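Okay, target_35.pdb now, which holds PDB, C-alpha atoms:
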```
ATOM      1  CA  MET A  11       0.000   0.000   0.000  1.00  0.00           C
ATOM      2  CA  ASP A  12       1.189   3.504  -0.805  1.00  0.00           C
ATOM      3  CA  ARG A  13       1.897   5.863   2.086  1.00  0.00           C
ATOM      4  CA  PRO A  14       0.496   9.366   2.460  1.00  0.00           C
ATOM      5  CA  HIS A  15       2.749  12.107   1.060  1.00  0.00           C
ATOM      6  CA  GLY A  16       0.862  15.191   2.167  1.00  0.00           C
ATOM      7  CA  ALA A  17      -2.631  16.522   1.698  1.00  0.00           C
ATOM      8  CA  GLY A  18      -1.941  18.280  -1.614  1.00  0.00           C
ATOM      9  CA  ARG A  19      -0.592  15.180  -3.270  1.00  0.00           C
ATOM     10  CA  ALA A  20      -3.387  13.022  -1.856  1.00  0.00           C
ATOM     11  CA  TRP A  21      -6.032  15.376  -3.262  1.00  0.00           C
ATOM     12  CA  LEU A  22      -4.273  15.543  -6.626  1.00  0.00           C
ATOM     13  CA  MET A  23      -4.340  11.752  -6.701  1.00  0.00           C
ATOM     14  CA  THR A  24      -8.055  11.821  -5.861  1.00  0.00           C
ATOM     15  CA  VAL A  25      -8.775  14.168  -8.786  1.00  0.00           C
ATOM     16  CA  LEU A  26      -6.767  11.928 -11.133  1.00  0.00           C
ATOM     17  CA  LEU A  27      -8.645   8.881  -9.888  1.00  0.00           C
ATOM     18  CA  MET A  28     -11.927  10.705 -10.471  1.00  0.00           C
ATOM     19  CA  ALA A  29     -10.901  11.413 -14.069  1.00  0.00           C
ATOM     20  CA  ALA A  30      -9.975   7.758 -14.550  1.00  0.00           C
ATOM     21  CA  MET A  31     -13.281   6.582 -13.104  1.00  0.00           C
ATOM     22  CA  ALA A  32     -15.250   8.953 -15.365  1.00  0.00           C
ATOM     23  CA  LEU A  33     -13.282   7.759 -18.378  1.00  0.00           C
ATOM     24  CA  THR A  34     -14.035   4.122 -17.574  1.00  0.00           C
ATOM     25  CA  PHE A  35     -17.737   4.920 -17.858  1.00  0.00           C
ATOM     26  CA  TRP A  36     -17.131   6.432 -21.298  1.00  0.00           C
ATOM     27  CA  ASP A  37     -15.652   3.096 -22.399  1.00  0.00           C
ATOM     28  CA  LYS A  38     -18.750   1.296 -21.208  1.00  0.00           C
ATOM     29  CA  ALA A  39     -21.070   3.705 -23.063  1.00  0.00           C
ATOM     30  CA  VAL A  40     -19.276   4.173 -26.366  1.00  0.00           C
ATOM     31  CA  LEU A  41     -20.300   0.979 -28.135  1.00  0.00           C
ATOM     32  CA  GLY A  42     -23.961   1.650 -27.447  1.00  0.00           C
ATOM     33  CA  LEU A  43     -23.634   5.159 -28.837  1.00  0.00           C
ATOM     34  CA  ALA A  44     -21.759   3.940 -31.914  1.00  0.00           C
ATOM     35  CA  ALA A  45     -23.759   0.765 -32.570  1.00  0.00           C
ATOM     36  CA  VAL A  46     -25.192   1.747 -35.944  1.00  0.00           C
ATOM     37  CA  PRO A  47     -21.942   2.920 -37.591  1.00  0.00           C
ATOM     38  CA  ILE A  48     -20.006  -0.050 -36.150  1.00  0.00           C
ATOM     39  CA  MET A  49     -22.549  -2.569 -37.424  1.00  0.00           C
ATOM     40  CA  LYS A  50     -22.662  -0.888 -40.831  1.00  0.00           C
ATOM     41  CA  GLU A  51     -18.878  -0.583 -41.301  1.00  0.00           C
ATOM     42  CA  LEU A  52     -18.034  -4.080 -40.086  1.00  0.00           C
ATOM     43  CA  GLY A  53     -21.131  -5.715 -41.575  1.00  0.00           C
ATOM     44  CA  LEU A  54     -22.213  -7.116 -38.218  1.00  0.00           C
ATOM     45  CA  SER A  55     -25.472  -8.841 -37.460  1.00  0.00           C
ATOM     46  CA  ASN A  56     -27.282  -7.976 -34.262  1.00  0.00           C
ATOM     47  CA  ALA A  57     -25.916 -11.162 -32.676  1.00  0.00           C
ATOM     48  CA  ALA A  58     -22.315 -10.455 -33.713  1.00  0.00           C
ATOM     49  CA  TYR A  59     -22.585  -6.874 -32.483  1.00  0.00           C
ATOM     50  CA  GLY A  60     -24.047  -8.089 -29.179  1.00  0.00           C
ATOM     51  CA  ALA A  61     -21.174 -10.543 -28.720  1.00  0.00           C
ATOM     52  CA  ALA A  62     -18.572  -7.866 -29.466  1.00  0.00           C
ATOM     53  CA  SER A  63     -20.293  -5.332 -27.229  1.00  0.00           C
ATOM     54  CA  SER A  64     -20.679  -7.672 -24.271  1.00  0.00           C
ATOM     55  CA  SER A  65     -17.128  -9.032 -24.623  1.00  0.00           C
ATOM     56  CA  PHE A  66     -16.018  -6.054 -22.520  1.00  0.00           C
ATOM     57  CA  TYR A  67     -17.323  -7.908 -19.456  1.00  0.00           C
ATOM     58  CA  LEU A  68     -15.680 -11.276 -20.222  1.00  0.00           C
ATOM     59  CA  LEU A  69     -12.618 -10.611 -18.009  1.00  0.00           C
ATOM     60  CA  PHE A  70     -13.921  -7.521 -16.199  1.00  0.00           C
ATOM     61  CA  SER A  71     -14.799  -9.262 -12.897  1.00  0.00           C
ATOM     62  CA  VAL A  72     -12.034 -11.862 -13.085  1.00  0.00           C
ATOM     63  CA  ALA A  73      -9.432  -9.104 -13.455  1.00  0.00           C
ATOM     64  CA  ALA A  74     -10.972  -7.162 -10.564  1.00  0.00           C
ATOM     65  CA  VAL A  75     -10.620 -10.167  -8.251  1.00  0.00           C
ATOM     66  CA  LEU A  76      -7.080 -11.033  -9.391  1.00  0.00           C
ATOM     67  CA  VAL A  77      -5.872  -7.447  -9.083  1.00  0.00           C
ATOM     68  CA  GLY A  78      -7.626  -7.182  -5.722  1.00  0.00           C
ATOM     69  CA  LEU A  79      -5.567 -10.118  -4.484  1.00  0.00           C
ATOM     70  CA  MET A  80      -2.395  -8.569  -5.878  1.00  0.00           C
ATOM     71  CA  THR A  81      -2.774  -5.031  -4.503  1.00  0.00           C
ATOM     72  CA  ASP A  82      -2.009  -6.051  -0.952  1.00  0.00           C
ATOM     73  CA  ARG A  83       1.433  -7.165  -2.151  1.00  0.00           C
ATOM     74  CA  VAL A  84       2.254  -4.718  -4.968  1.00  0.00           C
ATOM     75  CA  ARG A  85       2.222  -0.920  -4.775  1.00  0.00           C
ATOM     76  CA  SER A  86      -0.903   0.621  -6.277  1.00  0.00           C
ATOM     77  CA  ARG A  87       1.055   2.887  -8.592  1.00  0.00           C
ATOM     78  CA  TRP A  88       2.666  -0.092 -10.348  1.00  0.00           C
ATOM     79  CA  VAL A  89      -0.652  -1.849 -10.708  1.00  0.00           C
ATOM     80  CA  PHE A  90      -2.078   1.335 -12.249  1.00  0.00           C
ATOM     81  CA  VAL A  91       0.884   1.578 -14.640  1.00  0.00           C
ATOM     82  CA  VAL A  92       0.383  -1.983 -15.893  1.00  0.00           C
ATOM     83  CA  LEU A  93      -3.379  -1.536 -16.232  1.00  0.00           C
ATOM     84  CA  ALA A  94      -2.937   1.829 -17.989  1.00  0.00           C
ATOM     85  CA  LEU A  95      -0.494   0.287 -20.482  1.00  0.00           C
ATOM     86  CA  LEU A  96      -2.886  -2.601 -21.172  1.00  0.00           C
ATOM     87  CA  TRP A  97      -5.741  -0.112 -21.575  1.00  0.00           C
ATOM     88  CA  ALA A  98      -3.707   2.085 -23.964  1.00  0.00           C
ATOM     89  CA  VAL A  99      -2.723  -0.872 -26.161  1.00  0.00           C
ATOM     90  CA  ALA A 100      -6.324  -2.089 -26.214  1.00  0.00           C
ATOM     91  CA  GLN A 101      -7.656   1.387 -27.043  1.00  0.00           C
ATOM     92  CA  GLY A 102      -5.135   1.760 -29.838  1.00  0.00           C
ATOM     93  CA  SER A 103      -6.125  -1.595 -31.280  1.00  0.00           C
ATOM     94  CA  VAL A 104      -9.700  -0.324 -31.733  1.00  0.00           C
ATOM     95  CA  LEU A 105      -8.377   1.992 -34.453  1.00  0.00           C
ATOM     96  CA  LEU A 106      -7.153  -1.069 -36.346  1.00  0.00           C
ATOM     97  CA  ALA A 107     -10.122  -3.356 -35.671  1.00  0.00           C
ATOM     98  CA  GLY A 108     -11.445  -4.305 -39.090  1.00  0.00           C
ATOM     99  CA  THR A 109     -13.292  -7.431 -38.062  1.00  0.00           C
ATOM    100  CA  VAL A 110     -15.600  -8.566 -35.320  1.00  0.00           C
ATOM    101  CA  ALA A 111     -12.716 -10.653 -33.929  1.00  0.00           C
ATOM    102  CA  GLY A 112     -10.500  -7.558 -33.668  1.00  0.00           C
ATOM    103  CA  LEU A 113     -13.251  -5.552 -32.015  1.00  0.00           C
ATOM    104  CA  PHE A 114     -13.989  -8.481 -29.676  1.00  0.00           C
ATOM    105  CA  ALA A 115     -10.325  -8.840 -28.663  1.00  0.00           C
ATOM    106  CA  SER A 116      -9.865  -5.125 -28.015  1.00  0.00           C
ATOM    107  CA  ARG A 117     -13.030  -4.955 -25.907  1.00  0.00           C
ATOM    108  CA  VAL A 118     -11.943  -7.994 -23.836  1.00  0.00           C
ATOM    109  CA  MET A 119      -8.587  -6.306 -23.131  1.00  0.00           C
ATOM    110  CA  ILE A 120     -10.243  -2.989 -22.276  1.00  0.00           C
ATOM    111  CA  GLY A 121     -12.605  -4.760 -19.880  1.00  0.00           C
ATOM    112  CA  ALA A 122      -9.709  -6.599 -18.219  1.00  0.00           C
ATOM    113  CA  ALA A 123      -7.871  -3.301 -17.751  1.00  0.00           C
ATOM    114  CA  GLU A 124     -10.940  -1.483 -16.403  1.00  0.00           C
ATOM    115  CA  GLY A 125     -12.470  -4.194 -14.214  1.00  0.00           C
ATOM    116  CA  PRO A 126     -10.115  -3.461 -11.314  1.00  0.00           C
ATOM    117  CA  ALA A 127     -10.519   0.341 -11.596  1.00  0.00           C
ATOM    118  CA  ASN A 128     -13.170   0.854  -8.924  1.00  0.00           C
ATOM    119  CA  PRO A 129     -11.712  -1.362  -6.184  1.00  0.00           C
ATOM    120  CA  LEU A 130      -8.199  -0.156  -7.005  1.00  0.00           C
ATOM    121  CA  ALA A 131      -9.319   3.487  -6.756  1.00  0.00           C
ATOM    122  CA  VAL A 132     -10.789   2.845  -3.297  1.00  0.00           C
ATOM    123  CA  HIS A 133      -7.689   0.938  -2.205  1.00  0.00           C
ATOM    124  CA  THR A 134      -5.460   3.765  -3.436  1.00  0.00           C
ATOM    125  CA  VAL A 135      -7.489   6.514  -1.772  1.00  0.00           C
ATOM    126  CA  HIS A 136      -7.402   4.575   1.491  1.00  0.00           C
ATOM    127  CA  GLY A 137      -3.624   4.401   1.220  1.00  0.00           C
ATOM    128  CA  TRP A 138      -3.285   8.161   0.740  1.00  0.00           C
ATOM    129  CA  PHE A 139      -5.646   9.349   3.463  1.00  0.00           C
ATOM    130  CA  PRO A 140      -5.781   8.466   7.154  1.00  0.00           C
ATOM    131  CA  PRO A 141      -8.879   6.508   8.235  1.00  0.00           C
ATOM    132  CA  GLU A 142     -10.653   9.552   9.674  1.00  0.00           C
ATOM    133  CA  ARG A 143     -10.337  11.441   6.338  1.00  0.00           C
ATOM    134  CA  ARG A 144     -11.175   8.719   3.793  1.00  0.00           C
ATOM    135  CA  SER A 145     -14.934   9.223   3.405  1.00  0.00           C
ATOM    136  CA  LEU A 146     -14.950  12.303   1.163  1.00  0.00           C
ATOM    137  CA  PRO A 147     -12.200  11.188  -1.268  1.00  0.00           C
ATOM    138  CA  THR A 148     -13.763   7.722  -1.472  1.00  0.00           C
ATOM    139  CA  ALA A 149     -17.171   9.237  -2.205  1.00  0.00           C
ATOM    140  CA  LEU A 150     -15.669  11.495  -4.869  1.00  0.00           C
ATOM    141  CA  THR A 151     -14.028   8.586  -6.684  1.00  0.00           C
ATOM    142  CA  GLN A 152     -17.341   6.733  -6.599  1.00  0.00           C
ATOM    143  CA  ILE A 153     -19.468   9.591  -7.964  1.00  0.00           C
ATOM    144  CA  ALA A 154     -17.004  10.093 -10.812  1.00  0.00           C
ATOM    145  CA  SER A 155     -18.703   7.258 -12.709  1.00  0.00           C
ATOM    146  CA  GLY A 156     -21.904   9.284 -12.528  1.00  0.00           C
ATOM    147  CA  ILE A 157     -20.004  12.253 -13.932  1.00  0.00           C
ATOM    148  CA  GLY A 158     -18.856   9.964 -16.724  1.00  0.00           C
ATOM    149  CA  ALA A 159     -22.464   8.923 -17.343  1.00  0.00           C
ATOM    150  CA  LEU A 160     -23.581  12.543 -17.457  1.00  0.00           C
ATOM    151  CA  THR A 161     -20.868  13.645 -19.891  1.00  0.00           C
ATOM    152  CA  SER A 162     -20.384  10.581 -22.095  1.00  0.00           C
ATOM    153  CA  ALA A 163     -23.445  10.814 -24.343  1.00  0.00           C
ATOM    154  CA  PRO A 164     -23.104  14.429 -25.508  1.00  0.00           C
ATOM    155  CA  VAL A 165     -19.313  14.370 -25.867  1.00  0.00           C
ATOM    156  CA  LEU A 166     -18.989  10.926 -27.435  1.00  0.00           C
ATOM    157  CA  THR A 167     -21.940  11.502 -29.770  1.00  0.00           C
ATOM    158  CA  TRP A 168     -20.264  14.651 -31.059  1.00  0.00           C
ATOM    159  CA  VAL A 169     -16.934  12.835 -31.529  1.00  0.00           C
ATOM    160  CA  ILE A 170     -18.609   9.906 -33.305  1.00  0.00           C
ATOM    161  CA  VAL A 171     -20.606  12.176 -35.637  1.00  0.00           C
ATOM    162  CA  GLU A 172     -17.671  14.464 -36.414  1.00  0.00           C
ATOM    163  CA  HIS A 173     -14.791  11.982 -36.513  1.00  0.00           C
ATOM    164  CA  GLY A 174     -16.232   8.453 -36.713  1.00  0.00           C
ATOM    165  CA  TRP A 175     -16.848   5.663 -34.246  1.00  0.00           C
ATOM    166  CA  ARG A 176     -13.188   4.626 -33.981  1.00  0.00           C
ATOM    167  CA  TRP A 177     -12.241   8.020 -32.516  1.00  0.00           C
ATOM    168  CA  GLY A 178     -15.080   7.735 -30.017  1.00  0.00           C
ATOM    169  CA  SER A 179     -13.759   4.331 -28.996  1.00  0.00           C
ATOM    170  CA  SER A 180     -10.129   5.290 -28.522  1.00  0.00           C
ATOM    171  CA  PRO A 181      -8.081   8.320 -27.604  1.00  0.00           C
ATOM    172  CA  PRO A 182      -6.569  10.341 -30.428  1.00  0.00           C
ATOM    173  CA  PRO A 183      -2.853   9.794 -31.047  1.00  0.00           C
ATOM    174  CA  CYS A 184      -0.442  12.348 -29.573  1.00  0.00           C
TER     175      CYS A 184
END
```

This structure in structure tokens:
Amino acid sequence: MDRPHGAGRAWLMTVLLMAAMALTFWDKAVLGLAAVPIMKELGLSNAAYGAASSSFYLLFSVAAVLVGLMTDRVRSRWVFVVLALLWAVAQGSVLLAGTVAGLFASRVMIGAAEGPANPLAVHTVHGWFPPERRSLPTALTQIASGIGALTSAPVLTWVIVEHGWRWGSSPPPC
């Protein structure tokens, strides 16, 4: 577990965790918002689209449990680094997905990288704040998904309409 390094750093970490939690909701929403262009471009049936869309959850819970077991032994920051790298590779692969298999594989990887996000955020916040000051930062990381829900539809719909579904499903390159 990480040790507290001062209130300013702990609050900065909380804000970053909130951003990550909001972004994870965007990943959950994007395929629903982009269903029609994805199905049209890839020639997917409703069943194939449903399989690709739900593949996000294939390793979501398994990864959450496995990472939960690991975080008592490995520093949270390193777990976040590995999950962020997996997430980035998976997001980038969406740009190249030309088949249902490619879309399926990228969504499985994204789900595996995001499944541990919520419990890892709580674990991290609890490592940066003393017990008597954990309630507010924990609550903030938890409501961030709601912020993601509130902002995902208008922002992602605009991105999908203006730039295509692939850009709504992955971050733009640097």

**Report entry** Residue among A:Val40, A:Val135, A:Leu22, A:Thr34 lying closest to A:Ala163, counting only C-alpha atoms
**Finding:**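 Smallest separation from A:Ala163 among the options: A:Val40.
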
Report task. Measuring atom to atom with all atoms listed in the file, identify which of A:Met119, A:Ile48, A:Ala100, A:Val25 is nearest to A:Trp175. Result ->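 Ranking A:Met119, A:Ile48, A:Ala100, A:Val25 by distance to A:Trp175, first place goes to A:Ile48.
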
Query - Counting all atoms listed in the file, the option among A:Thr81, A:Ser116, A:Gln101, A:Thr24 closest to A:Ser64 - result: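 Ranking A:Thr81, A:Ser116, A:Gln101, A:Thr24 by distance to A:Ser64, first place goes to A:Ser116.
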
Report summary line: From the list A:Val92, A:Ala17, A:Val118, A:Ala131, the nearest residue to A:Ala149 using only C-alpha atoms is A:Ala131

Return the padded bounding box of stretch 42-46 of chain A as lines of an AutoDock Vina configuration file: axis-aligned, built from all atoms listed in the file, 5 Å added on each side, with centre and edge lengths in Å to one decimal.
```
center_x = -23.5
center_y = 3.0
center_z = -31.7
size_x = 13.4
size_y = 14.4
size_z = 18.5
```

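Here atom CA of A:Ala74 and atom CA of A:Leu93 stand 11.0 Å from one another.
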
**Report entry** Spatial neighbours of A:Val165, 12 Å, all atoms listed in the file, chain gap at least 3 places, as a VMD selection string
**Finding:** chain A and resid 33 36 39 to 40 43 158 to 162 168 to 173 177 to 179

Using C-alpha atoms, can you export the residues from the last selection as a short mmCIF file (atom, residue, chain, number, x, y, z; two decimals), keeping the file's coordinate frame?
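Everything below was put into out-v1.cif:
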```
data_model
loop_
_atom_site.label_atom_id
_atom_site.label_comp_id
_atom_site.auth_asym_id
_atom_site.auth_seq_id
_atom_site.Cartn_x
_atom_site.Cartn_y
_atom_site.Cartn_z
CA LEU A 33 -13.28 7.76 -18.38
CA TRP A 36 -17.13 6.43 -21.30
CA ALA A 39 -21.07 3.70 -23.06
CA VAL A 40 -19.28 4.17 -26.37
CA LEU A 43 -23.63 5.16 -28.84
CA GLY A 158 -18.86 9.96 -16.72
CA ALA A 159 -22.46 8.92 -17.34
CA LEU A 160 -23.58 12.54 -17.46
CA THR A 161 -20.87 13.64 -19.89
CA SER A 162 -20.38 10.58 -22.10
CA TRP A 168 -20.26 14.65 -31.06
CA VAL A 169 -16.93 12.84 -31.53
CA ILE A 170 -18.61 9.91 -33.30
CA VAL A 171 -20.61 12.18 -35.64
CA GLU A 172 -17.67 14.46 -36.41
CA HIS A 173 -14.79 11.98 -36.51
CA TRP A 177 -12.24 8.02 -32.52
CA GLY A 178 -15.08 7.74 -30.02
CA SER A 179 -13.76 4.33 -29.00
#
```

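The two atoms in question, atom CA of A:Pro126 and atom CA of A:Val91, are spaced 12.5 Å apart.
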
Requested in this report: Compare A:Ile120, A:Met80, A:Leu95, A:Val110 by their minimum atom-to-atom distance to A:His133, counting all atoms listed in the file, and give me the closest one.
Outcome: A:Met80

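Across the structure, atom CA of A:Phe70 and atom CA of A:Gly121 are spaced 4.8 Å apart.
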
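Distances here use all atoms listed in the file; by that measure, the residue among A:Leu76, A:Ala20, A:Ala111, A:Ala94 closest to A:Leu52 is A:Ala111.
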
Report task. Identify all residues satisfying the PyMOL selection byres ((chain A and resi 27) around 10) in the given file; provide them as a PyMOL selection string. Result -> chain A and resi 21-26+28-33+127-128+130-132+134-135+147-148+150-152+154

Restrict the selected residues to C-alpha atoms and save them as a short mmCIF file (atom, residue, chain, number, x, y, z; two decimals), in the frame of the given file.
```cif
data_model
loop_
_atom_site.label_atom_id
_atom_site.label_comp_id
_atom_site.auth_asym_id
_atom_site.auth_seq_id
_atom_site.Cartn_x
_atom_site.Cartn_y
_atom_site.Cartn_z
CA TRP A 21 -6.03 15.38 -3.26
CA LEU A 22 -4.27 15.54 -6.63
CA MET A 23 -4.34 11.75 -6.70
CA THR A 24 -8.06 11.82 -5.86
CA VAL A 25 -8.78 14.17 -8.79
CA LEU A 26 -6.77 11.93 -11.13
CA MET A 28 -11.93 10.70 -10.47
CA ALA A 29 -10.90 11.41 -14.07
CA ALA A 30 -9.98 7.76 -14.55
CA MET A 31 -13.28 6.58 -13.10
CA ALA A 32 -15.25 8.95 -15.36
CA LEU A 33 -13.28 7.76 -18.38
CA ALA A 127 -10.52 0.34 -11.60
CA ASN A 128 -13.17 0.85 -8.92
CA LEU A 130 -8.20 -0.16 -7.00
CA ALA A 131 -9.32 3.49 -6.76
CA VAL A 132 -10.79 2.84 -3.30
CA THR A 134 -5.46 3.76 -3.44
CA VAL A 135 -7.49 6.51 -1.77
CA PRO A 147 -12.20 11.19 -1.27
CA THR A 148 -13.76 7.72 -1.47
CA LEU A 150 -15.67 11.50 -4.87
CA THR A 151 -14.03 8.59 -6.68
CA GLN A 152 -17.34 6.73 -6.60
CA ALA A 154 -17.00 10.09 -10.81
#
```

Query - For A:Lys50: contacts at 12 Å, all atoms listed in the file, fewer than 5 positions along chain excluded, given as a list of chain:residue names - result: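 Neighbouring residues, sequence-local ones excluded: A:Ala44, A:Ala45, A:Ser55, A:Asn56, A:Ala58, A:Tyr59, A:Gly108, A:Thr109, A:Val110, A:Trp175.
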
Will you model N, CA, C and O atoms for stretch 113-135 of chain A and pass it back as a PDB file, in the frame of the given file?
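File out.pdb, as written:
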```
ATOM      1  N   LEU A 113     -12.464  -6.355 -32.948  1.00  0.00           N
ATOM      2  CA  LEU A 113     -13.251  -5.552 -32.015  1.00  0.00           C
ATOM      3  C   LEU A 113     -13.470  -6.331 -30.713  1.00  0.00           C
ATOM      4  O   LEU A 113     -13.320  -5.780 -29.622  1.00  0.00           O
ATOM      5  N   PHE A 114     -13.782  -7.615 -30.839  1.00  0.00           N
ATOM      6  CA  PHE A 114     -13.989  -8.481 -29.676  1.00  0.00           C
ATOM      7  C   PHE A 114     -12.734  -8.507 -28.801  1.00  0.00           C
ATOM      8  O   PHE A 114     -12.802  -8.293 -27.587  1.00  0.00           O
ATOM      9  N   ALA A 115     -11.577  -8.747 -29.417  1.00  0.00           N
ATOM     10  CA  ALA A 115     -10.325  -8.840 -28.663  1.00  0.00           C
ATOM     11  C   ALA A 115      -9.999  -7.527 -27.959  1.00  0.00           C
ATOM     12  O   ALA A 115      -9.591  -7.525 -26.788  1.00  0.00           O
ATOM     13  N   SER A 116     -10.172  -6.410 -28.654  1.00  0.00           N
ATOM     14  CA  SER A 116      -9.865  -5.125 -28.015  1.00  0.00           C
ATOM     15  C   SER A 116     -10.808  -4.853 -26.853  1.00  0.00           C
ATOM     16  O   SER A 116     -10.388  -4.352 -25.809  1.00  0.00           O
ATOM     17  N   ARG A 117     -12.068  -5.194 -26.989  1.00  0.00           N
ATOM     18  CA  ARG A 117     -13.030  -4.955 -25.907  1.00  0.00           C
ATOM     19  C   ARG A 117     -12.752  -5.864 -24.699  1.00  0.00           C
ATOM     20  O   ARG A 117     -12.921  -5.445 -23.556  1.00  0.00           O
ATOM     21  N   VAL A 118     -12.312  -7.095 -24.948  1.00  0.00           N
ATOM     22  CA  VAL A 118     -11.943  -7.994 -23.836  1.00  0.00           C
ATOM     23  C   VAL A 118     -10.768  -7.391 -23.064  1.00  0.00           C
ATOM     24  O   VAL A 118     -10.778  -7.347 -21.825  1.00  0.00           O
ATOM     25  N   MET A 119      -9.761  -6.908 -23.795  1.00  0.00           N
ATOM     26  CA  MET A 119      -8.587  -6.306 -23.131  1.00  0.00           C
ATOM     27  C   MET A 119      -8.967  -5.037 -22.366  1.00  0.00           C
ATOM     28  O   MET A 119      -8.482  -4.806 -21.262  1.00  0.00           O
ATOM     29  N   ILE A 120      -9.820  -4.206 -22.962  1.00  0.00           N
ATOM     30  CA  ILE A 120     -10.243  -2.989 -22.276  1.00  0.00           C
ATOM     31  C   ILE A 120     -10.993  -3.341 -20.998  1.00  0.00           C
ATOM     32  O   ILE A 120     -10.760  -2.753 -19.940  1.00  0.00           O
ATOM     33  N   GLY A 121     -11.867  -4.326 -21.068  1.00  0.00           N
ATOM     34  CA  GLY A 121     -12.605  -4.760 -19.880  1.00  0.00           C
ATOM     35  C   GLY A 121     -11.686  -5.300 -18.794  1.00  0.00           C
ATOM     36  O   GLY A 121     -11.870  -5.011 -17.610  1.00  0.00           O
ATOM     37  N   ALA A 122     -10.674  -6.065 -19.197  1.00  0.00           N
ATOM     38  CA  ALA A 122      -9.709  -6.599 -18.219  1.00  0.00           C
ATOM     39  C   ALA A 122      -8.931  -5.474 -17.556  1.00  0.00           C
ATOM     40  O   ALA A 122      -8.623  -5.531 -16.365  1.00  0.00           O
ATOM     41  N   ALA A 123      -8.619  -4.434 -18.315  1.00  0.00           N
ATOM     42  CA  ALA A 123      -7.871  -3.301 -17.751  1.00  0.00           C
ATOM     43  C   ALA A 123      -8.748  -2.429 -16.856  1.00  0.00           C
ATOM     44  O   ALA A 123      -8.268  -1.843 -15.887  1.00  0.00           O
ATOM     45  N   GLU A 124     -10.042  -2.354 -17.174  1.00  0.00           N
ATOM     46  CA  GLU A 124     -10.940  -1.483 -16.403  1.00  0.00           C
ATOM     47  C   GLU A 124     -11.650  -2.173 -15.251  1.00  0.00           C
ATOM     48  O   GLU A 124     -12.102  -1.501 -14.328  1.00  0.00           O
ATOM     49  N   GLY A 125     -11.770  -3.477 -15.285  1.00  0.00           N
ATOM     50  CA  GLY A 125     -12.470  -4.194 -14.214  1.00  0.00           C
ATOM     51  C   GLY A 125     -11.966  -3.852 -12.823  1.00  0.00           C
ATOM     52  O   GLY A 125     -12.744  -3.628 -11.901  1.00  0.00           O
ATOM     53  N   PRO A 126     -10.650  -3.771 -12.641  1.00  0.00           N
ATOM     54  CA  PRO A 126     -10.115  -3.461 -11.314  1.00  0.00           C
ATOM     55  C   PRO A 126     -10.168  -1.973 -10.940  1.00  0.00           C
ATOM     56  O   PRO A 126      -9.785  -1.613  -9.828  1.00  0.00           O
ATOM     57  N   ALA A 127     -10.613  -1.105 -11.835  1.00  0.00           N
ATOM     58  CA  ALA A 127     -10.519   0.341 -11.596  1.00  0.00           C
ATOM     59  C   ALA A 127     -11.205   0.790 -10.311  1.00  0.00           C
ATOM     60  O   ALA A 127     -10.610   1.519  -9.508  1.00  0.00           O
ATOM     61  N   ASN A 128     -12.434   0.389 -10.104  1.00  0.00           N
ATOM     62  CA  ASN A 128     -13.170   0.854  -8.924  1.00  0.00           C
ATOM     63  C   ASN A 128     -12.541   0.362  -7.619  1.00  0.00           C
ATOM     64  O   ASN A 128     -12.230   1.177  -6.738  1.00  0.00           O
ATOM     65  N   PRO A 129     -12.328  -0.937  -7.444  1.00  0.00           N
ATOM     66  CA  PRO A 129     -11.712  -1.362  -6.184  1.00  0.00           C
ATOM     67  C   PRO A 129     -10.292  -0.821  -6.005  1.00  0.00           C
ATOM     68  O   PRO A 129      -9.885  -0.499  -4.884  1.00  0.00           O
ATOM     69  N   LEU A 130      -9.553  -0.684  -7.102  1.00  0.00           N
ATOM     70  CA  LEU A 130      -8.199  -0.156  -7.005  1.00  0.00           C
ATOM     71  C   LEU A 130      -8.218   1.323  -6.625  1.00  0.00           C
ATOM     72  O   LEU A 130      -7.371   1.786  -5.854  1.00  0.00           O
ATOM     73  N   ALA A 131      -9.191   2.076  -7.130  1.00  0.00           N
ATOM     74  CA  ALA A 131      -9.319   3.487  -6.756  1.00  0.00           C
ATOM     75  C   ALA A 131      -9.591   3.624  -5.260  1.00  0.00           C
ATOM     76  O   ALA A 131      -8.981   4.451  -4.576  1.00  0.00           O
ATOM     77  N   VAL A 132     -10.488   2.799  -4.737  1.00  0.00           N
ATOM     78  CA  VAL A 132     -10.789   2.845  -3.297  1.00  0.00           C
ATOM     79  C   VAL A 132      -9.554   2.458  -2.494  1.00  0.00           C
ATOM     80  O   VAL A 132      -9.199   3.121  -1.512  1.00  0.00           O
ATOM     81  N   HIS A 133      -8.898   1.391  -2.898  1.00  0.00           N
ATOM     82  CA  HIS A 133      -7.689   0.938  -2.205  1.00  0.00           C
ATOM     83  C   HIS A 133      -6.626   2.051  -2.185  1.00  0.00           C
ATOM     84  O   HIS A 133      -5.993   2.292  -1.161  1.00  0.00           O
ATOM     85  N   THR A 134      -6.464   2.711  -3.323  1.00  0.00           N
ATOM     86  CA  THR A 134      -5.460   3.765  -3.436  1.00  0.00           C
ATOM     87  C   THR A 134      -5.810   4.957  -2.553  1.00  0.00           C
ATOM     88  O   THR A 134      -4.953   5.473  -1.827  1.00  0.00           O
ATOM     89  N   VAL A 135      -7.054   5.386  -2.609  1.00  0.00           N
ATOM     90  CA  VAL A 135      -7.489   6.514  -1.772  1.00  0.00           C
ATOM     91  C   VAL A 135      -7.274   6.183  -0.298  1.00  0.00           C
ATOM     92  O   VAL A 135      -6.811   7.018   0.479  1.00  0.00           O
TER      93      VAL A 135
END
```
